[in-house]
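Visitor: model-v5.cif is reproduced below (mmCIF, C-alpha atoms).
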```cif
data_input
#
loop_
_atom_site.group_PDB
_atom_site.id
_atom_site.type_symbol
_atom_site.label_atom_id
_atom_site.label_comp_id
_atom_site.auth_asym_id
_atom_site.auth_seq_id
_atom_site.Cartn_x
_atom_site.Cartn_y
_atom_site.Cartn_z
ATOM 1 C CA MET A 1 80.001 95.967 28.328
ATOM 2 C CA TRP A 2 83.267 94.425 27.306
ATOM 3 C CA ALA A 3 83.931 92.772 30.650
ATOM 4 C CA ARG A 4 80.912 90.489 30.545
ATOM 5 C CA TRP A 5 82.342 88.543 27.647
ATOM 6 C CA LEU A 6 85.624 87.785 29.378
ATOM 7 C CA LEU A 7 83.715 84.942 30.961
ATOM 8 C CA SER A 8 83.736 83.171 27.605
ATOM 9 C CA GLY A 9 87.295 84.207 26.807
ATOM 10 C CA VAL A 10 86.130 86.561 24.086
ATOM 11 C CA LEU A 11 86.252 90.342 24.146
ATOM 12 C CA LEU A 12 82.770 91.229 22.967
ATOM 13 C CA LEU A 13 81.212 94.633 23.532
ATOM 14 C CA VAL A 14 77.672 95.268 24.579
ATOM 15 C CA GLY A 15 75.872 97.725 22.317
ATOM 16 C CA CYS A 16 72.368 97.846 20.930
ATOM 17 C CA GLY A 17 70.589 97.166 17.617
ATOM 18 C CA ALA A 18 67.656 95.585 15.777
ATOM 19 C CA GLU A 19 67.104 92.265 14.053
ATOM 20 C CA SER A 20 66.609 92.645 10.300
ATOM 21 C CA VAL A 21 65.614 96.269 10.739
ATOM 22 C CA THR A 22 66.925 99.161 8.691
ATOM 23 C CA PRO A 23 67.819 101.845 11.226
ATOM 24 C CA PRO A 24 65.801 105.069 10.838
ATOM 25 C CA THR A 25 67.757 108.006 9.520
ATOM 26 C CA PRO A 26 68.410 110.521 12.294
ATOM 27 C CA ASP A 27 66.587 113.752 11.510
ATOM 28 C CA ALA A 28 68.384 116.703 13.028
ATOM 29 C CA SER A 29 65.255 118.812 12.607
ATOM 30 C CA THR A 30 63.545 116.792 15.348
ATOM 31 C CA LEU A 31 66.371 117.448 17.799
ATOM 32 C CA THR A 32 66.596 121.177 18.377
ATOM 33 C CA PRO A 33 70.136 122.196 19.424
ATOM 34 C CA THR A 34 70.368 123.628 22.918
ATOM 35 C CA LEU A 35 73.064 125.131 25.067
ATOM 36 C CA ALA A 36 75.518 122.808 26.767
ATOM 37 C CA PRO A 37 74.238 121.595 30.159
ATOM 38 C CA THR A 38 74.641 123.943 33.085
ATOM 39 C CA LEU A 39 75.747 121.029 35.241
ATOM 40 C CA ALA A 40 78.213 118.872 33.317
ATOM 41 C CA PRO A 41 80.360 115.984 34.577
ATOM 42 C CA THR A 42 83.156 116.884 36.937
ATOM 43 C CA SER A 43 84.747 115.820 40.187
ATOM 44 C CA PRO A 44 82.307 115.132 43.040
ATOM 45 C CA THR A 45 84.778 116.897 45.306
ATOM 46 C CA GLY A 46 84.431 120.157 43.402
ATOM 47 C CA ALA A 47 87.525 120.510 41.251
ATOM 48 C CA ALA A 48 88.116 123.698 39.312
ATOM 49 C CA PRO A 49 86.202 123.994 36.023
ATOM 50 C CA THR A 50 87.996 122.687 32.969
ATOM 51 C CA THR A 51 87.367 122.705 29.252
ATOM 52 C CA SER A 52 87.552 119.542 27.173
ATOM 53 C CA PRO A 53 90.278 119.750 24.512
ATOM 54 C CA PHE A 54 88.157 120.178 21.393
ATOM 55 C CA THR A 55 91.128 122.118 20.057
ATOM 56 C CA SER A 56 90.449 122.111 16.320
ATOM 57 C CA PRO A 57 89.519 125.616 15.107
ATOM 58 C CA THR A 58 86.299 124.112 13.730
ATOM 59 C CA SER A 59 85.438 122.128 16.876
ATOM 60 C CA PRO A 60 82.839 123.175 19.483
ATOM 61 C CA THR A 61 83.785 122.855 23.147
ATOM 62 C CA ILE A 62 82.218 121.263 26.211
ATOM 63 C CA THR A 63 82.660 123.175 29.462
ATOM 64 C CA VAL A 64 82.859 121.159 32.688
ATOM 65 C CA PRO A 65 81.824 123.297 35.702
ATOM 66 C CA VAL A 66 81.831 122.352 39.378
ATOM 67 C CA LEU A 67 78.956 120.242 40.744
ATOM 68 C CA PRO A 68 76.938 121.475 43.745
ATOM 69 C CA ASP A 69 77.267 120.094 47.259
ATOM 70 C CA LEU A 70 74.700 117.350 47.847
ATOM 71 C CA THR A 71 74.207 114.732 50.576
ATOM 72 C CA ASP A 72 76.113 111.488 50.034
ATOM 73 C CA ARG A 73 74.288 108.179 50.642
ATOM 74 C CA GLY A 74 77.339 105.970 50.888
ATOM 75 C CA ILE A 75 77.997 103.166 48.412
ATOM 76 C CA VAL A 76 74.926 102.377 46.284
ATOM 77 C CA GLU A 77 74.691 99.260 44.121
ATOM 78 C CA GLY A 78 73.361 99.200 40.581
ATOM 79 C CA ALA A 79 73.618 97.377 37.258
ATOM 80 C CA ASP A 80 73.589 97.791 33.504
ATOM 81 C CA ALA A 81 71.734 95.944 30.763
ATOM 82 C CA SER A 82 71.439 96.095 26.988
ATOM 83 C CA TRP A 83 70.887 93.916 23.909
ATOM 84 C CA PRO A 84 72.373 90.703 25.456
ATOM 85 C CA GLN A 85 69.457 90.742 27.935
ATOM 86 C CA CYS A 86 66.893 90.795 25.112
ATOM 87 C CA PRO A 87 65.055 87.539 24.317
ATOM 88 C CA ALA A 88 67.320 85.169 22.395
ATOM 89 C CA GLY A 89 67.729 85.756 18.680
ATOM 90 C CA MET A 90 67.085 89.484 18.468
ATOM 91 C CA GLY A 91 69.459 92.055 17.001
ATOM 92 C CA ILE A 92 71.722 92.408 13.989
ATOM 93 C CA PRO A 93 73.435 89.222 12.713
ATOM 94 C CA GLN A 94 76.768 90.072 14.346
ATOM 95 C CA LYS A 95 75.193 90.798 17.751
ATOM 96 C CA ARG A 96 72.335 88.379 18.361
ATOM 97 C CA SER A 97 70.869 88.510 21.853
ATOM 98 C CA HIS A 98 70.821 85.401 24.003
ATOM 99 C CA GLY A 99 68.434 86.166 26.850
ATOM 100 C CA ALA A 100 71.032 87.015 29.508
ATOM 101 C CA PRO A 101 69.527 87.623 32.968
ATOM 102 C CA MET A 102 68.378 91.063 34.028
ATOM 103 C CA PRO A 103 69.888 92.798 37.108
ATOM 104 C CA LEU A 104 69.631 91.505 40.652
ATOM 105 C CA ASP A 105 67.036 92.864 43.068
ATOM 106 C CA SER A 106 69.839 94.652 44.944
ATOM 107 C CA ALA A 107 70.293 97.131 42.090
ATOM 108 C CA GLU A 108 68.934 100.601 42.859
ATOM 109 C CA PHE A 109 70.010 102.089 39.534
ATOM 110 C CA VAL A 110 70.239 100.608 36.037
ATOM 111 C CA ILE A 111 72.059 101.976 32.995
ATOM 112 C CA LEU A 112 70.418 100.800 29.770
ATOM 113 C CA GLY A 113 72.284 100.465 26.486
ATOM 114 C CA LEU A 114 70.912 102.304 23.470
ATOM 115 C CA THR A 115 72.789 100.404 20.778
ATOM 116 C CA ASN A 116 73.079 96.830 19.461
ATOM 117 C CA GLY A 117 76.871 96.874 19.281
ATOM 118 C CA PRO A 118 77.849 99.508 16.689
ATOM 119 C CA GLY A 119 76.286 102.915 16.187
ATOM 120 C CA PHE A 120 73.158 103.401 14.062
ATOM 121 C CA HIS A 121 71.713 100.089 15.322
ATOM 122 C CA PRO A 122 69.187 100.354 18.197
ATOM 123 C CA ASN A 123 68.789 98.042 21.161
ATOM 124 C CA PRO A 124 65.979 95.771 19.883
ATOM 125 C CA CYS A 125 64.161 95.476 23.222
ATOM 126 C CA LEU A 126 64.925 98.799 24.894
ATOM 127 C CA ALA A 127 61.241 99.648 25.417
ATOM 128 C CA GLU A 128 60.700 96.368 27.285
ATOM 129 C CA GLN A 129 63.765 97.027 29.438
ATOM 130 C CA VAL A 130 62.490 100.516 30.233
ATOM 131 C CA ALA A 131 59.193 98.950 31.305
ATOM 132 C CA TRP A 132 61.116 96.505 33.528
ATOM 133 C CA VAL A 133 62.903 99.416 35.234
ATOM 134 C CA ARG A 134 59.686 101.420 35.564
ATOM 135 C CA GLU A 135 57.831 98.531 37.207
ATOM 136 C CA ARG A 136 60.539 98.355 39.878
ATOM 137 C CA HIS A 137 60.735 102.120 40.393
ATOM 138 C CA LEU A 138 64.497 102.196 39.858
ATOM 139 C CA LEU A 139 66.847 104.994 38.867
ATOM 140 C CA ALA A 140 67.641 104.834 35.151
ATOM 141 C CA ALA A 141 70.206 106.301 32.778
ATOM 142 C CA ALA A 142 71.565 105.473 29.319
ATOM 143 C CA TYR A 143 74.816 104.449 27.687
ATOM 144 C CA SER A 144 75.780 104.046 24.050
ATOM 145 C CA VAL A 145 78.599 102.227 22.310
ATOM 146 C CA ILE A 146 80.417 104.662 20.031
ATOM 147 C CA SER A 147 81.830 102.952 16.944
ATOM 148 C CA TRP A 148 83.753 103.668 13.764
ATOM 149 C CA PRO A 149 81.314 104.793 11.074
ATOM 150 C CA SER A 150 81.182 102.933 7.781
ATOM 151 C CA GLU A 151 82.157 104.689 4.564
ATOM 152 C CA GLN A 152 78.492 104.933 3.660
ATOM 153 C CA GLN A 153 77.661 106.491 7.029
ATOM 154 C CA VAL A 154 80.418 109.071 6.655
ATOM 155 C CA GLN A 155 79.097 109.940 3.190
ATOM 156 C CA GLN A 156 75.573 110.259 4.529
ATOM 157 C CA TYR A 157 76.259 112.138 7.749
ATOM 158 C CA GLY A 158 79.650 113.794 7.267
ATOM 159 C CA GLY A 159 78.078 117.050 6.165
ATOM 160 C CA GLN A 160 75.444 117.120 8.930
ATOM 161 C CA GLY A 161 76.654 118.695 12.144
ATOM 162 C CA PRO A 162 78.602 121.561 13.703
ATOM 163 C CA PHE A 163 82.040 120.443 12.488
ATOM 164 C CA GLU A 164 83.811 121.580 9.321
ATOM 165 C CA ALA A 165 82.666 119.181 6.591
ATOM 166 C CA ALA A 166 85.541 120.097 4.272
ATOM 167 C CA SER A 167 88.046 118.158 6.386
ATOM 168 C CA THR A 168 88.278 114.429 7.051
ATOM 169 C CA LEU A 169 88.319 114.948 10.810
ATOM 170 C CA GLY A 170 85.336 117.265 10.622
ATOM 171 C CA ARG A 171 83.297 114.766 8.617
ATOM 172 C CA LEU A 172 84.158 112.000 11.058
ATOM 173 C CA ALA A 173 83.169 114.215 13.985
ATOM 174 C CA ASN A 174 79.847 114.946 12.275
ATOM 175 C CA ALA A 175 79.280 111.199 11.822
ATOM 176 C CA GLY A 176 79.881 110.755 15.558
ATOM 177 C CA TYR A 177 77.536 113.663 16.233
ATOM 178 C CA GLN A 178 74.824 111.941 14.196
ATOM 179 C CA GLN A 179 75.395 108.686 16.092
ATOM 180 C CA ALA A 180 74.472 110.626 19.224
ATOM 181 C CA LEU A 181 71.326 112.082 17.652
ATOM 182 C CA PHE A 182 70.314 108.634 16.372
ATOM 183 C CA ASN A 183 70.744 107.199 19.873
ATOM 184 C CA LEU A 184 68.609 109.954 21.353
ATOM 185 C CA ARG A 185 65.857 109.109 18.877
ATOM 186 C CA THR A 186 66.132 105.492 20.040
ATOM 187 C CA MET A 187 66.014 106.560 23.691
ATOM 188 C CA ARG A 188 62.963 108.749 23.242
ATOM 189 C CA ALA A 189 61.085 106.225 21.096
ATOM 190 C CA ALA A 190 61.526 103.641 23.868
ATOM 191 C CA GLY A 191 60.260 106.044 26.533
ATOM 192 C CA LEU A 192 63.569 106.167 28.412
ATOM 193 C CA ASP A 193 64.088 109.354 30.407
ATOM 194 C CA SER A 194 67.723 110.058 31.226
ATOM 195 C CA PRO A 195 69.549 113.278 32.064
ATOM 196 C CA ALA A 196 72.836 111.757 30.895
ATOM 197 C CA VAL A 197 74.389 109.422 28.360
ATOM 198 C CA TRP A 198 77.612 107.503 28.967
ATOM 199 C CA LEU A 199 79.964 107.039 25.995
ATOM 200 C CA ASP A 200 81.113 103.409 25.839
ATOM 201 C CA VAL A 201 84.500 103.647 24.083
ATOM 202 C CA GLU A 202 86.321 100.385 23.409
ATOM 203 C CA PRO A 203 87.121 97.990 20.542
ATOM 204 C CA VAL A 204 83.966 96.668 18.853
ATOM 205 C CA PRO A 205 84.394 93.156 17.382
ATOM 206 C CA ASP A 206 83.197 92.952 13.750
ATOM 207 C CA PHE A 207 83.174 96.777 13.639
ATOM 208 C CA ASP A 208 86.816 97.479 14.359
ATOM 209 C CA TRP A 209 88.312 100.893 14.916
ATOM 210 C CA PRO A 210 91.175 101.690 12.497
ATOM 211 C CA ALA A 211 94.757 102.371 13.559
ATOM 212 C CA ASP A 212 94.445 106.166 13.142
ATOM 213 C CA LEU A 213 93.824 107.333 16.729
ATOM 214 C CA GLU A 214 93.276 110.965 15.712
ATOM 215 C CA GLN A 215 90.435 109.986 13.385
ATOM 216 C CA ASN A 216 88.930 107.723 16.046
ATOM 217 C CA ALA A 217 89.097 110.589 18.528
ATOM 218 C CA ALA A 218 87.197 112.825 16.105
ATOM 219 C CA VAL A 219 84.269 110.375 16.105
ATOM 220 C CA VAL A 220 84.218 110.234 19.903
ATOM 221 C CA ARG A 221 84.464 114.023 20.202
ATOM 222 C CA GLY A 222 81.576 114.425 17.810
ATOM 223 C CA ALA A 223 79.369 112.016 19.759
ATOM 224 C CA ALA A 224 80.136 113.783 23.038
ATOM 225 C CA GLN A 225 79.233 117.117 21.477
ATOM 226 C CA GLY A 226 76.010 115.711 20.062
ATOM 227 C CA TYR A 227 74.764 114.717 23.500
ATOM 228 C CA ALA A 228 75.931 117.940 25.132
ATOM 229 C CA ASP A 229 74.193 120.033 22.483
ATOM 230 C CA GLN A 230 70.925 118.352 23.457
ATOM 231 C CA GLY A 231 71.376 119.403 27.089
ATOM 232 C CA LEU A 232 72.499 116.038 28.459
ATOM 233 C CA LEU A 233 75.333 115.278 30.826
ATOM 234 C CA VAL A 234 78.074 113.241 29.151
ATOM 235 C CA GLY A 235 80.302 110.644 30.791
ATOM 236 C CA VAL A 236 82.823 108.029 29.639
ATOM 237 C CA TYR A 237 82.725 104.253 30.174
ATOM 238 C CA SER A 238 85.940 102.340 29.468
ATOM 239 C CA THR A 239 89.269 101.290 30.952
ATOM 240 C CA THR A 240 92.527 103.175 30.552
ATOM 241 C CA SER A 241 94.007 100.553 28.227
ATOM 242 C CA LEU A 242 90.927 100.239 26.023
ATOM 243 C CA TRP A 243 90.499 104.000 25.790
ATOM 244 C CA GLN A 244 94.128 104.454 24.762
ATOM 245 C CA ARG A 245 93.848 101.648 22.210
ATOM 246 C CA VAL A 246 90.999 103.481 20.488
ATOM 247 C CA VAL A 247 91.715 107.218 20.931
ATOM 248 C CA GLY A 248 95.221 107.440 22.390
ATOM 249 C CA ASP A 249 95.742 110.243 24.879
ATOM 250 C CA LEU A 250 92.490 112.092 24.136
ATOM 251 C CA GLY A 251 91.473 113.790 27.379
ATOM 252 C CA LEU A 252 87.933 115.155 27.620
ATOM 253 C CA GLY A 253 87.893 115.540 31.401
ATOM 254 C CA LEU A 254 84.391 114.041 31.614
ATOM 255 C CA GLN A 255 83.016 112.051 34.539
ATOM 256 C CA GLU A 256 83.972 108.379 34.369
ATOM 257 C CA TRP A 257 82.339 104.973 34.807
ATOM 258 C CA ARG A 258 85.254 102.556 35.180
ATOM 259 C CA ALA A 259 85.215 98.862 34.335
ATOM 260 C CA ALA A 260 87.102 96.245 36.354
ATOM 261 C CA GLY A 261 86.160 93.155 34.328
ATOM 262 C CA GLN A 262 85.582 89.732 35.888
ATOM 263 C CA THR A 263 87.034 90.648 39.276
ATOM 264 C CA SER A 264 85.195 91.747 42.420
ATOM 265 C CA ARG A 265 83.348 94.554 44.142
ATOM 266 C CA GLU A 266 86.553 95.416 45.977
ATOM 267 C CA GLU A 267 88.518 95.735 42.740
ATOM 268 C CA ALA A 268 85.766 97.833 41.195
ATOM 269 C CA LEU A 269 85.927 100.239 44.136
ATOM 270 C CA ALA A 270 89.718 100.346 43.802
ATOM 271 C CA ARG A 271 89.210 101.676 40.260
ATOM 272 C CA CYS A 272 87.589 104.756 41.787
ATOM 273 C CA ASP A 273 91.011 106.080 42.779
ATOM 274 C CA GLN A 274 92.026 109.131 40.739
ATOM 275 C CA SER A 275 95.227 107.333 39.704
ATOM 276 C CA ARG A 276 92.987 105.103 37.550
ATOM 277 C CA SER A 277 91.562 108.000 35.543
ATOM 278 C CA ILE A 278 90.763 107.115 31.933
ATOM 279 C CA GLN A 279 90.676 110.508 30.217
ATOM 280 C CA GLY A 280 91.278 113.080 32.932
ATOM 281 C CA GLY A 281 87.912 112.903 34.679
ATOM 282 C CA SER A 282 86.932 111.701 38.129
ATOM 283 C CA ALA A 283 85.002 108.495 38.843
ATOM 284 C CA LEU A 284 81.290 108.386 39.557
ATOM 285 C CA LEU A 285 80.672 104.657 39.005
ATOM 286 C CA ALA A 286 82.641 101.416 38.834
ATOM 287 C CA GLN A 287 81.648 98.064 37.339
ATOM 288 C CA TRP A 288 82.628 94.437 37.740
ATOM 289 C CA VAL A 289 81.316 91.166 36.288
ATOM 290 C CA GLU A 290 80.004 88.508 38.648
ATOM 291 C CA ALA A 291 79.375 84.893 37.626
ATOM 292 C CA LEU A 292 76.163 83.618 39.219
ATOM 293 C CA PRO A 293 74.326 80.274 38.894
ATOM 294 C CA ASP A 294 71.800 81.708 36.423
ATOM 295 C CA GLY A 295 74.385 83.651 34.397
ATOM 296 C CA ALA A 296 76.926 86.434 34.630
ATOM 297 C CA ARG A 297 75.839 89.974 35.349
ATOM 298 C CA ASP A 298 77.422 93.408 35.117
ATOM 299 C CA ARG A 299 77.261 94.884 38.612
ATOM 300 C CA ASN A 300 77.981 98.487 39.514
ATOM 301 C CA VAL A 301 78.648 100.649 42.546
ATOM 302 C CA THR A 302 78.886 104.355 43.145
ATOM 303 C CA CYS A 303 82.388 105.521 43.994
ATOM 304 C CA PRO A 304 83.016 106.882 47.510
ATOM 305 C CA GLY A 305 81.425 110.302 47.856
ATOM 306 C CA ALA A 306 79.661 110.066 44.486
ATOM 307 C CA SER A 307 76.207 108.752 45.394
ATOM 308 C CA ALA A 308 75.112 112.304 46.161
ATOM 309 C CA TYR A 309 75.069 112.942 42.414
ATOM 310 C CA LEU A 310 72.831 110.052 41.373
ATOM 311 C CA SER A 311 69.887 112.434 41.060
ATOM 312 C CA LEU A 312 71.846 114.463 38.500
ATOM 313 C CA TRP A 313 72.776 111.450 36.346
ATOM 314 C CA PHE A 314 69.686 109.251 36.698
ATOM 315 C CA HIS A 315 65.948 109.581 36.252
ATOM 316 C CA ALA A 316 63.805 108.247 39.104
ATOM 317 C CA TYR A 317 60.940 106.005 37.968
#
```
As structure tokens, how would this structure be written, given the file I've shared?
Guide:
Amino acid sequence: MWARWLLSGVLLLVGCGAESVTPPTPDASTLTPTLAPTLAPTSPTGAAPTTSPFTSPTSPTITVPVLPDLTDRGIVEGADASWPQCPAGMGIPQKRSHGAPMPLDSAEFVILGLTNGPGFHPNPCLAEQVAWVRERHLLAAAYSVISWPSEQQVQQYGGQGPFEAASTLGRLANAGYQQALFNLRTMRAAGLDSPAVWLDVEPVPDFDWPADLEQNAAVVRGAAQGYADQGLLVGVYSTTSLWQRVVGDLGLGLQEWRAAGQTSREEALARCDQSRSIQGGSALLAQWVEALPDGARDRNVTCPGASAYLSLWFHAY
């Protein structure tokens, strides 16, 4: 996550990837399209159903119905981990891991990153991190950094997906769609069970988003649709400013995981307020970075009233 790297004064995103490994080509034939999930992200308080603004005539839609009433557990603490927590030296050249510490014992849920920074590069030690979570019988879910596809990736994947390949926006959306399918292959190969994937949308150093916000939004829309078409819940991780820097005023209305940077638990909980909405959704989780003697960690909490929905967003090991 972006906030972790504020400790070193550098904005550096957490993703996932592999050292000196050519990423496998996502094969859509191994991922049979399904209907959108019957329980998609929405307000824990039961707001009226909305539809995400996939407004292009060639764009599929994601419907966001009301969640059921479940018993709240109060504030629950968790964490996230990805390629920085891999043994030092793993990953693509731009995103080498450095053996950052794994979550504290207080974490009841852990969100594991699928990518090594940009899309189409898997977390090089995801299977080992899944084993770590399984040994501790924690709740687990997944997140993925969504990034601007290279020209080669657009050429390769622009015609593969549900979007109109004759248009630039459609080809970009298909490339985002294929990022999602690639990440699901990574998730399944590592043995990670998750009913949901969080879209990490922010600037990616060394893999910068261009200035065209509409084109950036097409990639993000495509990735969201890719996960939804596989029956997963879809949420958004970001901050309001970072989201707007990448995709402008794109509003998907999806559930949110909000970052507070190197601040405090109190500030993270303050981000749960609906006035801090990133893209029109309500908050399920909030994150802050804590500096500890053995290294900084991303720490997370459920937002007030949201812990009832952990069983919908996480797999229990």
Visitor: Just checking: using only C-alpha atoms, which residue out of A:Ala270, A:Leu292, A:Leu126, A:Leu285 ends up closest to Arg185 in chain A?
Guide: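 Checking each of A:Ala270, A:Leu292, A:Leu126, A:Leu285 against Arg185 in chain A, counting only C-alpha atoms, the winner is A:Leu126.
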Visitor: Taking all atoms of range 188-201 of chain A that appear in the file, build a box with edges along x, y and z, extend it by 8 Å on every side, and state its centre and edge lengths in Å to one decimal, as lines of an AutoDock Vina configuration file.
Guide:
```
center_x = 72.4
center_y = 108.3
center_z = 26.6
size_x = 40.2
size_y = 25.9
size_z = 27.0
```
Visitor: CA of Gly235 in chain A and CA of Ser275 in chain A, how far apart in Å?
Guide: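 So the two atoms, CA of Ser275 in chain A and CA of Gly235 in chain A, lie 17.7 Å apart.
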Visitor: Using the chain letters and residue numbers of this document, give as a PyMOL selection string the residues selected by the PyMOL selection byres ((chain A and resi 193) around 8).
Guide: chain A and resi 140-141+187-188+191-192+194-195+315
Visitor: Using C-alpha atoms, can you write the selected residues to a file as an mmCIF file, in the coordinates of the input?
Guide:
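Resulting contents of out13.cif:
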```
data_model
loop_
_atom_site.group_PDB
_atom_site.id
_atom_site.type_symbol
_atom_site.label_atom_id
_atom_site.label_comp_id
_atom_site.auth_asym_id
_atom_site.auth_seq_id
_atom_site.Cartn_x
_atom_site.Cartn_y
_atom_site.Cartn_z
ATOM 1 C CA ALA A 140 67.641 104.834 35.151
ATOM 2 C CA ALA A 141 70.206 106.301 32.778
ATOM 3 C CA MET A 187 66.014 106.560 23.691
ATOM 4 C CA ARG A 188 62.963 108.749 23.242
ATOM 5 C CA GLY A 191 60.260 106.044 26.533
ATOM 6 C CA LEU A 192 63.569 106.167 28.412
ATOM 7 C CA SER A 194 67.723 110.058 31.226
ATOM 8 C CA PRO A 195 69.549 113.278 32.064
ATOM 9 C CA HIS A 315 65.948 109.581 36.252
#
```
Visitor: Using the chain letters and residue numbers of this document, give as a list of chain:residue names the residues selected by the PyMOL selection byres ((chain A and resi 303) around 9).
Guide: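 Written out, the selection comes to A:Gly74, A:Ile75, A:Val76, A:Ala268, A:Leu269, A:Ala270, A:Arg271, A:Cys272, A:Asp273, A:Ala283, A:Leu284, A:Leu285, A:Ala286, A:Val301, A:Thr302, A:Pro304, A:Gly305, A:Ala306, A:Ser307.
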Visitor: Using all atoms listed in the file, which of A:Arg297, A:Arg171, A:Arg258, A:Arg276 sits nearest Asn216 in chain A?
Guide: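 Of the candidates, the smallest distance to Asn216 in chain A is held by A:Arg171.
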Visitor: Calculated over all atoms listed in the file, which of the candidates A:Trp209, A:Trp288, A:Trp198, A:Phe314 has the smallest distance to Ala180 in chain A?
Guide: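 Closest to Ala180 in chain A of all the choices is A:Trp198.
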Visitor: Looking at only C-alpha atoms, which of A:Ala223, A:Ala142, A:Val110, A:Leu199 is the one that sits closest to Pro162 in chain A?
Guide: A:Ala223
Visitor: Between CA of Ala173 in chain A and CA of Asp212 in chain A, measure the distance and give it in Å to one decimal.
Guide: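 CA of Asp212 in chain A lies 13.9 Å from CA of Ala173 in chain A.
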Visitor: Evaluated on this file, the PyMOL selection byres ((chain A and resi 88) around 6) picks out some residues - which ones are they, written as a ChimeraX atom specification?
Guide: /A:87,89-90,97-99
Visitor: Expressed in Å to a single decimal, how great is the separation between CA of Val236 in chain A and CA of His137 in chain A?
Guide: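 Between CA of Val236 in chain A and CA of His137 in chain A the gap is 25.3 Å.
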